[in-house]
Amino acid sequence: MEHVPALDEDLKKTLGPATAKVLAEQLGLHTALDLLHHYPRRYAERGELTSLADLADQIDEHVTVVAQVADARILTFNGGRGKRLEVTITDGSGRLQLVFFGAGVHKPHKELLPGSRAMFAGKVSRFNHRLQLAHPAYEPLGGDASDRDAATAFAGQLIPIYPACAKLESWKIAKCVDAVLPRAGEALDPLPPALRDGRGLVPLTEALLKIHRPATKADIEDARRRLKWDEAFVLQVALARRRHADSQLPAVARRPTPGGLLDAFDAKLPFTLTEGQQKVSREIFDDLATSHPMHRLLQGEVGSGKTMVALRAMLAVVDSGGQAAMLAPTEVLAQQHHRSITEMMGELAEGGMLGGSDQGTKVVLLTGSMGTAARRQALLDLVTGEAGIVIGTHALIEDKVQFHDLGLVVVDEQHRFGVEQRDALRSKGKQPPHLLVMTATPIPRTVAMTVFGDLETSVLDQLPAGRSPIATHVVPAKDKPHFLSRAWERVREEVGNGHQAYVVCPRIGDGEDDPKGKKKASAEDEAEKRPPLAVLEIAEQLTAGPLAGLSVEVLHGRMDPADKDDVMRRFAAGEVKVLVATTVIEVGVNVPNSTVMVIMDADRFGVSQLHQLRGRVGRGSAPGLCLLVSDMHEASPARARLAAVAATLDGFELSRIDLEQRREGDVLGQAQSGVRSSLRMLAVIEDEEVIAEAREEAARVVAADPALEHLPGLRTALDALLDTEREQYLEKG
């Protein structure tokens, strides 16, 4: 792998150990190349920085302002022992006071002379009813009479504002960039020349110079277009290489036997599959019949019948003499899948047992909390091939779990697993098994191409017949407390009609989950000082108050597995009428008799998560009702999010809203396990076209030159993107 020594050098050599340490620790920047790719967040013209008139809205915020010194005076206090420098600055829109204390007054007193101009950065505070910056950092800009040229040049200049940190202001980062910018010419260009010229993109060196030191706004546009392409293309090449490598692996073709287990199962189904299920099943069976491993992502709305599609794929593999393993993220979900699959299969799930079908197979469960005897039996059934299907949690991944002939791995709710866990399970096959990944979180096309770019995608967008509509309403508990009372009455009515209810809370409330990690975000969060509502407290209030007399139970992640299973079993059997739970019920819990869900502090959940939770009701023949309880005021962004969820049942539409409201980094999350740097320039939703085109170009390049032998710049860029030995983990961590 070629390197660019000057750009790969540690920043200590260029910038000195103290600055390099802050850049490394605070911003994750270690080399000159890292710093060149630390792009400005925005650009300011002089009048465009925060104007002083706007500061009243920014108390406690870090701001950067450009202004002229109006006056400066030193005051003494404590009988002359203490000194304070007060500087008044103005930018034409307003005035602001700066204060410096103690020994820190002398340097600014010399430099901040009336009439001089500077850039100031600090935290806005209020003292004696006046706004001020205490001990701001500042950078003189030369605006006095002797330096008019500099002032004029500065006036028209675009000032890059960098993502900064408390220990290193934006203009100090700009000076660090100045120190490495002359080396931009040594950066190897990752784009093949034909691609670059064909799309009219500027060379990389020019893009780096223009993004950091633009002369005009057109320069910024040129640079952004080019750098977006770099990010999209390098990422898509990594995914295309993964797809290419996977297509070279051998796998056993798995075809169902005519008149075998799959046919027997289909014959006893009491309903016909939807068109969507049939189409997706055909795509999966075509993949299973090839001699290289299937890699398919199956996404479908909650309740669209994904489990049925996955089960038929597993039966086809068992038919052909192989075994299938389903990996679930939680014990509750693994037990639920085991229960529903054995129910759907009936006597076909009792292969080798009395009363079982001759064509049947054994379906075993493997979780961490199983007793020793049951666990030993399950392991034995797997290694002998007696069990054709195993459903389990990450306990399946342990070394002692051995398969007779693993042919298919089904991963439920992929985003809950690290890639390493998934690959550890795949390595248990004699040859690489086929892979089916399922998710009920709708993923917009661009994200699917970026995050799940190495998987072929199938979408189930029809709900099976018999699924009921779900009505969703926002309950403004603070503005209209009687709405909340009415919500509890509705729960009582549903239970009175023989149905059941969920109440979901953001936390458990057992002391261990105090909201230390609560995101301190916007003003709306600030207004919201109380901790999120907790399962244990709400359950207590409900049993003593509005739901007195009903059987109310709690379910959360820190309960003993046996207790969790017991509660879930009794809820499924209808003995428990109201389940107060955390989001542990978000995925896969299937109780068709549940018709109403009340989500407390609904504004604390993401849009897609609310959609997932809501999918737990309306799974039977009775219509579902979801009530989103919030204390937020009507005009807040949080309430707008809840209104969006109430307005549509289209998960893809909601996931798009969700993405537009969150930062891109959160979208990809740890998606690129092994990727040192997340996307800096590419916006997954806005740049759909760039991503789609980059995917096509990447597929062409990799097909022609899989090892990238003729593209050293691209190989170097891939190396920078990935820890090379983990390229195979460029996936959904």
# chains A, B, ... in the order shown; residues from 1 in each chain; ligands from 1
>>> residues_around(residues="A:Met326", least_positions_apart="4", cutoff="10 Å", atoms="only C-alpha atoms", output="list of chain:residue names")
A:Ala310, A:Leu311, A:Met314, A:Ala334, A:His337, A:His338, A:Leu365, A:Ile389, A:Val390, A:Ile391, A:Gly392, A:Thr393, A:Leu396, A:Leu408, A:Val409, A:Val410, A:Val411, A:Asp412, A:Leu436, A:Val437
>>> write_last_selection(atoms="N, CA and C atoms", output="mmCIF file, in the first residue's frame")
data_model
loop_
_atom_site.group_PDB
_atom_site.id
_atom_site.type_symbol
_atom_site.label_atom_id
_atom_site.label_comp_id
_atom_site.auth_asym_id
_atom_site.auth_seq_id
_atom_site.Cartn_x
_atom_site.Cartn_y
_atom_site.Cartn_z
ATOM 1 N N ALA A 310 -38.904 -15.318 5.851
ATOM 2 C CA ALA A 310 -37.646 -15.889 6.350
ATOM 3 C C ALA A 310 -37.827 -17.367 6.688
ATOM 4 N N LEU A 311 -38.971 -17.705 7.271
ATOM 5 C CA LEU A 311 -39.214 -19.101 7.657
ATOM 6 C C LEU A 311 -39.255 -19.991 6.407
ATOM 7 N N MET A 314 -35.819 -20.658 5.325
ATOM 8 C CA MET A 314 -35.157 -21.624 6.212
ATOM 9 C C MET A 314 -35.622 -23.049 5.895
ATOM 10 N N ALA A 334 -35.961 -13.694 20.815
ATOM 11 C CA ALA A 334 -35.611 -15.063 20.385
ATOM 12 C C ALA A 334 -36.713 -16.037 20.823
ATOM 13 N N HIS A 337 -39.796 -15.493 18.640
ATOM 14 C CA HIS A 337 -39.640 -16.109 17.316
ATOM 15 C C HIS A 337 -39.793 -17.631 17.409
ATOM 16 N N HIS A 338 -39.177 -18.213 18.445
ATOM 17 C CA HIS A 338 -39.235 -19.674 18.604
ATOM 18 C C HIS A 338 -40.692 -20.116 18.770
ATOM 19 N N LEU A 365 -34.159 -23.724 20.483
ATOM 20 C CA LEU A 365 -33.892 -22.370 20.973
ATOM 21 C C LEU A 365 -32.570 -22.408 21.727
ATOM 22 N N ILE A 389 -33.492 -26.160 12.339
ATOM 23 C CA ILE A 389 -33.613 -24.711 12.561
ATOM 24 C C ILE A 389 -33.242 -24.398 14.003
ATOM 25 N N VAL A 390 -32.391 -23.389 14.195
ATOM 26 C CA VAL A 390 -32.083 -22.926 15.552
ATOM 27 C C VAL A 390 -32.358 -21.431 15.607
ATOM 28 N N ILE A 391 -32.972 -21.007 16.695
ATOM 29 C CA ILE A 391 -33.240 -19.581 16.903
ATOM 30 C C ILE A 391 -32.537 -19.199 18.188
ATOM 31 N N GLY A 392 -31.746 -18.140 18.150
ATOM 32 C CA GLY A 392 -31.016 -17.808 19.367
ATOM 33 C C GLY A 392 -30.535 -16.375 19.390
ATOM 34 N N THR A 393 -29.929 -16.039 20.516
ATOM 35 C CA THR A 393 -29.311 -14.723 20.675
ATOM 36 C C THR A 393 -27.831 -14.886 20.337
ATOM 37 N N LEU A 396 -25.502 -18.021 20.192
ATOM 38 C CA LEU A 396 -25.233 -18.874 19.022
ATOM 39 C C LEU A 396 -23.797 -18.727 18.526
ATOM 40 N N LEU A 408 -27.839 -21.389 6.004
ATOM 41 C CA LEU A 408 -28.456 -20.053 5.937
ATOM 42 C C LEU A 408 -28.408 -19.390 7.307
ATOM 43 N N VAL A 409 -28.003 -18.123 7.306
ATOM 44 C CA VAL A 409 -28.060 -17.322 8.541
ATOM 45 C C VAL A 409 -29.073 -16.200 8.296
ATOM 46 N N VAL A 410 -30.067 -16.092 9.189
ATOM 47 C CA VAL A 410 -31.041 -14.997 9.121
ATOM 48 C C VAL A 410 -30.760 -14.083 10.316
ATOM 49 N N VAL A 411 -30.506 -12.816 10.041
ATOM 50 C CA VAL A 411 -30.230 -11.875 11.137
ATOM 51 C C VAL A 411 -31.417 -10.935 11.261
ATOM 52 N N ASP A 412 -32.036 -10.917 12.450
ATOM 53 C CA ASP A 412 -33.190 -10.049 12.661
ATOM 54 C C ASP A 412 -32.717 -8.742 13.271
ATOM 55 N N LEU A 436 -29.417 -13.726 5.065
ATOM 56 C CA LEU A 436 -30.602 -12.877 4.904
ATOM 57 C C LEU A 436 -30.676 -11.965 6.124
ATOM 58 N N VAL A 437 -30.664 -10.662 5.884
ATOM 59 C CA VAL A 437 -30.709 -9.681 6.967
ATOM 60 C C VAL A 437 -32.090 -9.036 6.939
#
>>> atom_distance(atom1="atom CA of A:Arg226", atom2="atom CA of A:Val177")
19.3 Å
>>> select_by_dssp(residues="stretch 303-468 of chain A", states="strand (DSSP E or B)", output="VMD selection string")
chain A and resid 323 to 327 350 362 to 366 387 to 392 406 to 412 434 to 439 456 to 460
>>> residues_around(residues="A:Asp246", least_positions_apart="5", cutoff="12 Å", atoms="only C-alpha atoms", output="PyMOL selection string")
chain A and resi 239-241+251+291-296+432-435+454-456+728
>>> residues_around(residues="A:Ile599", least_positions_apart="5", cutoff="6 Å", atoms="only C-alpha atoms", output="PyMOL selection string")
chain A and resi 503-504+628-629
>>> closest_residue(among="A:Phe233, A:Ala67, A:Gly80, A:His106", to="A:Leu682", atoms="only C-alpha atoms")
A:Phe233
>>> residues_around(residues="A:Asp57", least_positions_apart="4", cutoff="10 Å", atoms="only C-alpha atoms", output="PyMOL selection string")
chain A and resi 53+61+124
>>> residues_around(residues="A:Met597", least_positions_apart="3", cutoff="9 Å", atoms="only C-alpha atoms", output="VMD selection string")
chain A and resid 491 500 to 504 594 613 to 614 616 to 617 624 to 628
>>> write_last_selection(atoms="C-alpha atoms", output="mmCIF file, in the first residue's frame")
data_model
loop_
_atom_site.group_PDB
_atom_site.id
_atom_site.type_symbol
_atom_site.label_atom_id
_atom_site.label_comp_id
_atom_site.auth_asym_id
_atom_site.auth_seq_id
_atom_site.Cartn_x
_atom_site.Cartn_y
_atom_site.Cartn_z
ATOM 1 C CA VAL A 491 -57.185 2.056 27.979
ATOM 2 C CA GLN A 500 -54.845 -5.426 26.156
ATOM 3 C CA ALA A 501 -52.600 -2.379 26.307
ATOM 4 C CA TYR A 502 -48.939 -1.308 26.326
ATOM 5 C CA VAL A 503 -47.619 1.724 28.188
ATOM 6 C CA VAL A 504 -44.082 2.630 27.077
ATOM 7 C CA SER A 594 -53.160 -5.708 22.102
ATOM 8 C CA LEU A 613 -43.263 0.813 18.720
ATOM 9 C CA ARG A 614 -46.641 1.686 17.255
ATOM 10 C CA ARG A 616 -46.955 -3.595 18.157
ATOM 11 C CA VAL A 617 -50.707 -2.799 18.168
ATOM 12 C CA GLY A 624 -55.088 -0.241 16.839
ATOM 13 C CA LEU A 625 -54.746 3.019 18.736
ATOM 14 C CA CYS A 626 -51.455 4.746 19.587
ATOM 15 C CA LEU A 627 -51.389 7.769 21.932
ATOM 16 C CA LEU A 628 -48.243 9.925 21.982
#
>>> select_by_dssp(residues="stretch 561-590 of chain A", states="helix (DSSP H, G or I)", output="ChimeraX atom specification")
/A:561-572,583-585
>>> write_last_selection(atoms="all heavy atoms", output="compact mmCIF listing (two decimals), in the first residue's frame")
# COMPACT_ATOMS: atom_id res chain seq x y z
N PRO A 561 -34.00 -12.95 33.13
CA PRO A 561 -34.60 -13.50 31.90
C PRO A 561 -35.83 -14.38 32.16
O PRO A 561 -36.80 -14.32 31.41
CB PRO A 561 -33.46 -14.31 31.29
CG PRO A 561 -32.22 -13.66 31.79
CD PRO A 561 -32.54 -13.15 33.16
N ALA A 562 -35.78 -15.17 33.23
CA ALA A 562 -36.92 -16.06 33.50
C ALA A 562 -38.16 -15.23 33.85
O ALA A 562 -39.28 -15.54 33.43
CB ALA A 562 -36.58 -17.01 34.66
N ASP A 563 -37.96 -14.13 34.61
CA ASP A 563 -39.09 -13.26 34.97
C ASP A 563 -39.65 -12.57 33.73
O ASP A 563 -40.86 -12.43 33.56
CB ASP A 563 -38.65 -12.19 35.99
CG ASP A 563 -38.26 -12.81 37.32
OD1 ASP A 563 -38.62 -13.98 37.55
OD2 ASP A 563 -37.58 -12.14 38.13
N LYS A 564 -38.72 -12.12 32.86
CA LYS A 564 -39.15 -11.46 31.62
C LYS A 564 -40.02 -12.41 30.81
O LYS A 564 -41.09 -12.04 30.34
CB LYS A 564 -37.91 -11.09 30.77
CG LYS A 564 -37.40 -9.68 31.01
CD LYS A 564 -36.45 -9.22 29.93
CE LYS A 564 -35.11 -9.88 30.00
NZ LYS A 564 -34.03 -9.14 29.35
N ASP A 565 -39.53 -13.64 30.67
CA ASP A 565 -40.25 -14.60 29.84
C ASP A 565 -41.62 -14.90 30.45
O ASP A 565 -42.62 -15.04 29.75
CB ASP A 565 -39.43 -15.89 29.69
CG ASP A 565 -39.97 -16.74 28.54
OD1 ASP A 565 -40.37 -16.15 27.52
OD2 ASP A 565 -40.03 -17.97 28.67
N ASP A 566 -41.65 -14.97 31.79
CA ASP A 566 -42.91 -15.26 32.49
C ASP A 566 -43.93 -14.15 32.23
O ASP A 566 -45.09 -14.41 31.89
CB ASP A 566 -42.63 -15.41 33.99
CG ASP A 566 -43.92 -15.68 34.76
OD1 ASP A 566 -44.62 -16.65 34.40
OD2 ASP A 566 -44.24 -14.90 35.68
N VAL A 567 -43.48 -12.88 32.36
CA VAL A 567 -44.39 -11.75 32.14
C VAL A 567 -44.89 -11.77 30.69
O VAL A 567 -46.08 -11.62 30.41
CB VAL A 567 -43.67 -10.40 32.43
CG1 VAL A 567 -44.53 -9.22 31.96
CG2 VAL A 567 -43.38 -10.27 33.92
N MET A 568 -43.95 -11.99 29.75
CA MET A 568 -44.31 -11.98 28.33
C MET A 568 -45.31 -13.10 28.03
O MET A 568 -46.27 -12.91 27.27
CB MET A 568 -43.03 -12.21 27.52
CG MET A 568 -42.74 -11.29 26.37
SD MET A 568 -43.54 -9.73 26.26
CE MET A 568 -44.73 -10.04 24.98
N ARG A 569 -45.07 -14.27 28.64
CA ARG A 569 -45.94 -15.42 28.40
C ARG A 569 -47.35 -15.11 28.91
O ARG A 569 -48.35 -15.37 28.24
CB ARG A 569 -45.36 -16.65 29.10
CG ARG A 569 -46.00 -17.97 28.70
CD ARG A 569 -45.40 -19.12 29.49
NE ARG A 569 -45.32 -18.88 30.92
CZ ARG A 569 -46.37 -18.81 31.75
NH1 ARG A 569 -47.60 -19.00 31.27
NH2 ARG A 569 -46.22 -18.57 33.03
N ARG A 570 -47.43 -14.52 30.12
CA ARG A 570 -48.75 -14.23 30.71
C ARG A 570 -49.46 -13.10 29.97
O ARG A 570 -50.66 -13.08 29.85
CB ARG A 570 -48.61 -13.90 32.21
CG ARG A 570 -48.28 -15.17 33.03
CD ARG A 570 -48.30 -14.97 34.53
NE ARG A 570 -47.26 -14.05 34.97
CZ ARG A 570 -47.51 -12.87 35.54
NH1 ARG A 570 -48.75 -12.47 35.74
NH2 ARG A 570 -46.52 -12.10 35.92
N PHE A 571 -48.66 -12.17 29.42
CA PHE A 571 -49.27 -11.10 28.60
C PHE A 571 -49.82 -11.70 27.31
O PHE A 571 -50.94 -11.42 26.89
CB PHE A 571 -48.23 -10.00 28.31
CG PHE A 571 -48.80 -8.80 27.61
CD1 PHE A 571 -49.78 -8.01 28.20
CD2 PHE A 571 -48.36 -8.44 26.33
CE1 PHE A 571 -50.31 -6.90 27.55
CE2 PHE A 571 -48.89 -7.34 25.67
CZ PHE A 571 -49.86 -6.56 26.29
N ALA A 572 -49.02 -12.57 26.68
CA ALA A 572 -49.45 -13.21 25.43
C ALA A 572 -50.70 -14.05 25.68
O ALA A 572 -51.58 -14.17 24.82
CB ALA A 572 -48.32 -14.06 24.85
N THR A 583 -38.44 0.21 25.79
CA THR A 583 -38.48 -0.12 24.36
C THR A 583 -38.08 -1.56 24.10
O THR A 583 -37.91 -1.96 22.95
CB THR A 583 -37.56 0.79 23.55
OG1 THR A 583 -36.27 0.71 24.13
CG2 THR A 583 -38.04 2.22 23.59
N VAL A 584 -37.92 -2.36 25.16
CA VAL A 584 -37.61 -3.79 24.98
C VAL A 584 -38.69 -4.45 24.11
O VAL A 584 -38.46 -5.46 23.46
CB VAL A 584 -37.45 -4.47 26.36
CG1 VAL A 584 -38.76 -4.54 27.10
CG2 VAL A 584 -36.88 -5.87 26.24
N ILE A 585 -39.88 -3.84 24.04
CA ILE A 585 -40.96 -4.43 23.22
C ILE A 585 -40.92 -3.93 21.79
O ILE A 585 -41.77 -4.28 20.98
CB ILE A 585 -42.35 -4.10 23.81
CG1 ILE A 585 -42.57 -2.58 23.81
CG2 ILE A 585 -42.53 -4.67 25.19
CD1 ILE A 585 -43.99 -2.17 23.69
>>> closest_atom_pairs(of="stretch 169-248 of chain A", to="stretch 696-714 of chain A", cutoff="10 Å", atoms="only C-alpha atoms", output="Markdown table")
| residue | atom | partner | partner_atom | distance |
| --- | --- | --- | --- | --- |
| A:Ala187 | CA | A:Gly713 | CA | 8.5 |
| A:Leu188 | CA | A:Gly713 | CA | 4.9 |
| A:Asp189 | CA | A:Gly713 | CA | 5.2 |
| A:Pro190 | CA | A:Leu714 | CA | 3.9 |
| A:Leu191 | CA | A:Leu714 | CA | 6.4 |
| A:Pro192 | CA | A:Leu711 | CA | 6.9 |
| A:Pro193 | CA | A:Leu711 | CA | 9.7 |
| A:Leu195 | CA | A:Glu697 | CA | 8.1 |
| A:Asp230 | CA | A:Leu714 | CA | 9.4 |
| A:Ala232 | CA | A:Ala698 | CA | 9.4 |
| A:Phe233 | CA | A:Ala698 | CA | 6.4 |
| A:Val234 | CA | A:Leu714 | CA | 7.2 |
| A:Leu235 | CA | A:Ala698 | CA | 8.9 |
| A:Gln236 | CA | A:Ala698 | CA | 5.8 |
| A:Val237 | CA | A:Ala698 | CA | 4.8 |
| A:Ala238 | CA | A:Ala698 | CA | 8.5 |
| A:Leu239 | CA | A:Ala698 | CA | 8.6 |
| A:Ala240 | CA | A:Ala699 | CA | 5.7 |
| A:Arg241 | CA | A:Val702 | CA | 6.3 |
| A:Arg242 | CA | A:Val702 | CA | 9.9 |
| A:Arg243 | CA | A:Ala699 | CA | 9.2 |
| A:His244 | CA | A:Pro706 | CA | 7.6 |
| A:Ala245 | CA | A:Pro706 | CA | 8.7 |
>>> closest_residue(among="A:Leu261, A:Val552, A:Ala487, A:Ile691", to="A:Ala448", atoms="only C-alpha atoms")
A:Ile691
>>> residues_around(residues="A:Ala635", least_positions_apart="6", cutoff="12 Å", atoms="only C-alpha atoms", output="VMD selection string")
chain A and resid 476 479 524 641 to 643
